[in-house]
Amino acid sequence: MHFPIISGMAQLYTRMGDDGFTSLLGEGRVAKYTLQPEAYGTVDEANAAMGIARAAAQSPRTRELLLAAQRDLYHMMAELAATQQVAHQFRKIDEKRVGWLEQSTDEITALIQLPKEFVVPGDSLPAAYLDLARTIVRRAERVVVRLLHDGIIENVELVRYLNRLSSLLFVLALYENALAGVNQVTLAKQ
């Protein structure tokens with residue numbers, strides 16, 4: 001993005017979006033409320049929530065996995081913000097990255113005991129942040145699925161990545177609970 005220089009200082013606003021439209025990567029502008037900005041905006045929100053979770057995490061492994069996934073989400077946002085004609089130029093999320101998520105999820109799952117019931121979030125602060133990030137990732141997945149089904153994007157790996165990311169965030173929350181000494185998570189049943 002280009003930031004104009006004003007008196008030796010970069011200006012952080014461009015006024016380009018004041019009309020309610022935003023530019024895509026490639027030719028074109030769309031209303032800010034359309035699906036593409038909704039998708040990359042929700043992925044951005046998920047990324048920020050994962051940043052909070054990373055800052056609160058006890059485990060260096062959790063922080064490492066979150067940072068790698070956050071970097072992937074920046075690539076995903078670029079592809080989601082691109083027109084169909086140039087989206088391939090921004091494609092970094094592929095089956096290899098989805099495989100990395102699956103492998104990472106399996107590695108963390110081997111360190112914990114999975115509950116047999118639904119879990120109520122909030123047994124430790126790091127896990128609560130991870131659960132919040134997971135729900136935002138799920139919302140992003142729903143928007144990206146709509147883009148795929150409407151033919152606006154074609155990379156199915158974006159959907160698969162978000163789906164697997166939510167699983168990783170779930171097991172990382174359980175892992176962080178275990179590290180916090182939560183031996184039995186709160187279940188949804190009474």
# chains A, B, ... in the order shown; residues from 1 in each chain; ligands from 1

$ select_by_dssp --residues "range 3-55 of chain A" --states "alpha helix (DSSP H)" --output "tab-separated table (two decimals) with N, CA and C atoms, in the first residue's frame"
chain	number	residue	atom	x	y	z
A	35	LEU	N	-18.83	-9.45	0.00
A	35	LEU	CA	-18.24	-10.66	0.58
A	35	LEU	C	-16.71	-10.66	0.65
A	36	GLN	N	-16.04	-10.13	-0.34
A	36	GLN	CA	-14.58	-10.17	-0.28
A	36	GLN	C	-14.03	-9.37	0.90
A	37	PRO	N	-14.41	-8.10	1.07
A	37	PRO	CA	-13.93	-7.40	2.26
A	37	PRO	C	-14.40	-8.05	3.56
A	38	GLU	N	-15.60	-8.61	3.55
A	38	GLU	CA	-16.09	-9.32	4.73
A	38	GLU	C	-15.19	-10.51	5.04
A	39	ALA	N	-14.78	-11.24	4.01
A	39	ALA	CA	-13.93	-12.42	4.20
A	39	ALA	C	-12.55	-12.02	4.71
A	40	TYR	N	-11.86	-11.13	4.01
A	40	TYR	CA	-10.50	-10.82	4.47
A	40	TYR	C	-10.52	-10.02	5.76
A	41	GLY	N	-11.59	-9.27	6.00
A	41	GLY	CA	-11.74	-8.57	7.28
A	41	GLY	C	-11.94	-9.54	8.44
A	42	THR	N	-12.70	-10.59	8.22
A	42	THR	CA	-12.92	-11.58	9.27
A	42	THR	C	-11.65	-12.40	9.52
A	43	VAL	N	-10.91	-12.70	8.47
A	43	VAL	CA	-9.62	-13.37	8.64
A	43	VAL	C	-8.67	-12.47	9.42
A	44	ASP	N	-8.69	-11.18	9.14
A	44	ASP	CA	-7.87	-10.22	9.87
A	44	ASP	C	-8.26	-10.20	11.35
A	45	GLU	N	-9.55	-10.23	11.62
A	45	GLU	CA	-10.04	-10.28	13.00
A	45	GLU	C	-9.56	-11.55	13.70
A	46	ALA	N	-9.63	-12.67	13.01
A	46	ALA	CA	-9.14	-13.94	13.56
A	46	ALA	C	-7.64	-13.84	13.86
A	47	ASN	N	-6.90	-13.22	12.96
A	47	ASN	CA	-5.46	-13.05	13.14
A	47	ASN	C	-5.17	-12.23	14.39
A	48	ALA	N	-5.94	-11.15	14.60
A	48	ALA	CA	-5.74	-10.32	15.79
A	48	ALA	C	-6.06	-11.10	17.06
A	49	ALA	N	-7.13	-11.89	17.03
A	49	ALA	CA	-7.49	-12.70	18.20
A	49	ALA	C	-6.40	-13.74	18.48
A	50	MET	N	-5.84	-14.30	17.42
A	50	MET	CA	-4.74	-15.25	17.60
A	50	MET	C	-3.51	-14.55	18.18
A	51	GLY	N	-3.33	-13.29	17.85
A	51	GLY	CA	-2.23	-12.52	18.43
A	51	GLY	C	-2.39	-12.36	19.93
A	52	ILE	N	-3.61	-12.11	20.38
A	52	ILE	CA	-3.88	-12.02	21.81
A	52	ILE	C	-3.59	-13.37	22.47
A	53	ALA	N	-4.05	-14.45	21.82
A	53	ALA	CA	-3.80	-15.79	22.36
A	53	ALA	C	-2.31	-16.09	22.42
A	54	ARG	N	-1.58	-15.67	21.40
A	54	ARG	CA	-0.13	-15.90	21.38
A	54	ARG	C	0.56	-15.14	22.51
A	55	ALA	N	0.12	-13.91	22.75
A	55	ALA	CA	0.71	-13.11	23.82
A	55	ALA	C	0.44	-13.71	25.20

$ atom_distance --atom1 "CA of Leu25 in chain A" --atom2 "CA of Ala87 in chain A"
8.1 Å

$ residues_around --residues "range 147-154 of chain A" --least-positions-apart "5" --cutoff "12 Å" --atoms "only C-alpha atoms" --output "ChimeraX atom specification"
/A:34-40,76,79-88,91,94,140-142,159-160

$ select_by_dssp --residues "range 13-106 of chain A" --states "strand (DSSP E or B)" --output "list in words"
Phe21, Thr22, Ser23, Leu25, Arg29, Val30, Ala31 and Ala82 of chain A

$ write_last_selection --atoms "C-alpha atoms" --output "PDB file, in the first residue's frame"
ATOM      1  CA  PHE A  21     -15.711   1.379  -1.525  1.00  0.00           C
ATOM      2  CA  THR A  22     -12.337  -0.325  -1.297  1.00  0.00           C
ATOM      3  CA  SER A  23      -9.773  -1.349  -3.887  1.00  0.00           C
ATOM      4  CA  LEU A  25      -5.602  -6.321  -5.578  1.00  0.00           C
ATOM      5  CA  ARG A  29     -13.232  -1.530  -6.392  1.00  0.00           C
ATOM      6  CA  VAL A  30     -16.052  -3.055  -4.400  1.00  0.00           C
ATOM      7  CA  ALA A  31     -18.378  -1.890  -1.657  1.00  0.00           C
ATOM      8  CA  ALA A  82      -7.447 -10.114  -5.104  1.00  0.00           C
TER       9      ALA A  82
END

$ closest_residue --among "A:Ile93, A:Asp19, A:Met77, A:Ala133" --to "Val156 in chain A" --atoms "only C-alpha atoms"
A:Ile93

$ residues_around --residues "Arg164 in chain A" --least-positions-apart "6" --cutoff "7 Å" --atoms "only C-alpha atoms" --output "ChimeraX atom specification"
/A:98,101-102

$ closest_residue --among "A:Arg146, A:Lys189, A:Arg134, A:Lys96" --to "Leu168 in chain A" --atoms "only C-alpha atoms"
A:Arg134

$ closest_residue --among "A:Asp72, A:Asp106, A:Asp131, A:Glu117" --to "Leu158 in chain A" --atoms "only C-alpha atoms"
A:Asp72

$ atom_distance --atom1 "CA of Asn155 in chain A" --atom2 "CA of Leu73 in chain A"
14.2 Å

$ closest_residue --among "A:Leu66, A:Val171, A:Ala10, A:Ala180" --to "Thr109 in chain A" --atoms "only C-alpha atoms"
A:Val171

$ closest_residue --among "A:Ile136, A:Ala128, A:Lys32, A:Tyr175" --to "Ala56 in chain A" --atoms "only C-alpha atoms"
A:Ala128

$ residues_around --residues "Lys116 in chain A" --least-positions-apart "6" --cutoff "12 Å" --atoms "only C-alpha atoms" --output "ChimeraX atom specification"
/A:184-189

$ atom_distance --atom1 "CA of Val182 in chain A" --atom2 "CA of Ala68 in chain A"
26.2 Å

$ closest_residue --among "A:Val137, A:Val143, A:Ala57, A:Ala78" --to "Asn177 in chain A" --atoms "only C-alpha atoms"
A:Ala57

$ residues_around --residues "Glu176 in chain A" --least-positions-apart "5" --cutoff "8 Å" --atoms "only C-alpha atoms" --output "PyMOL selection string"
chain A and resi 57-59+124+126-127
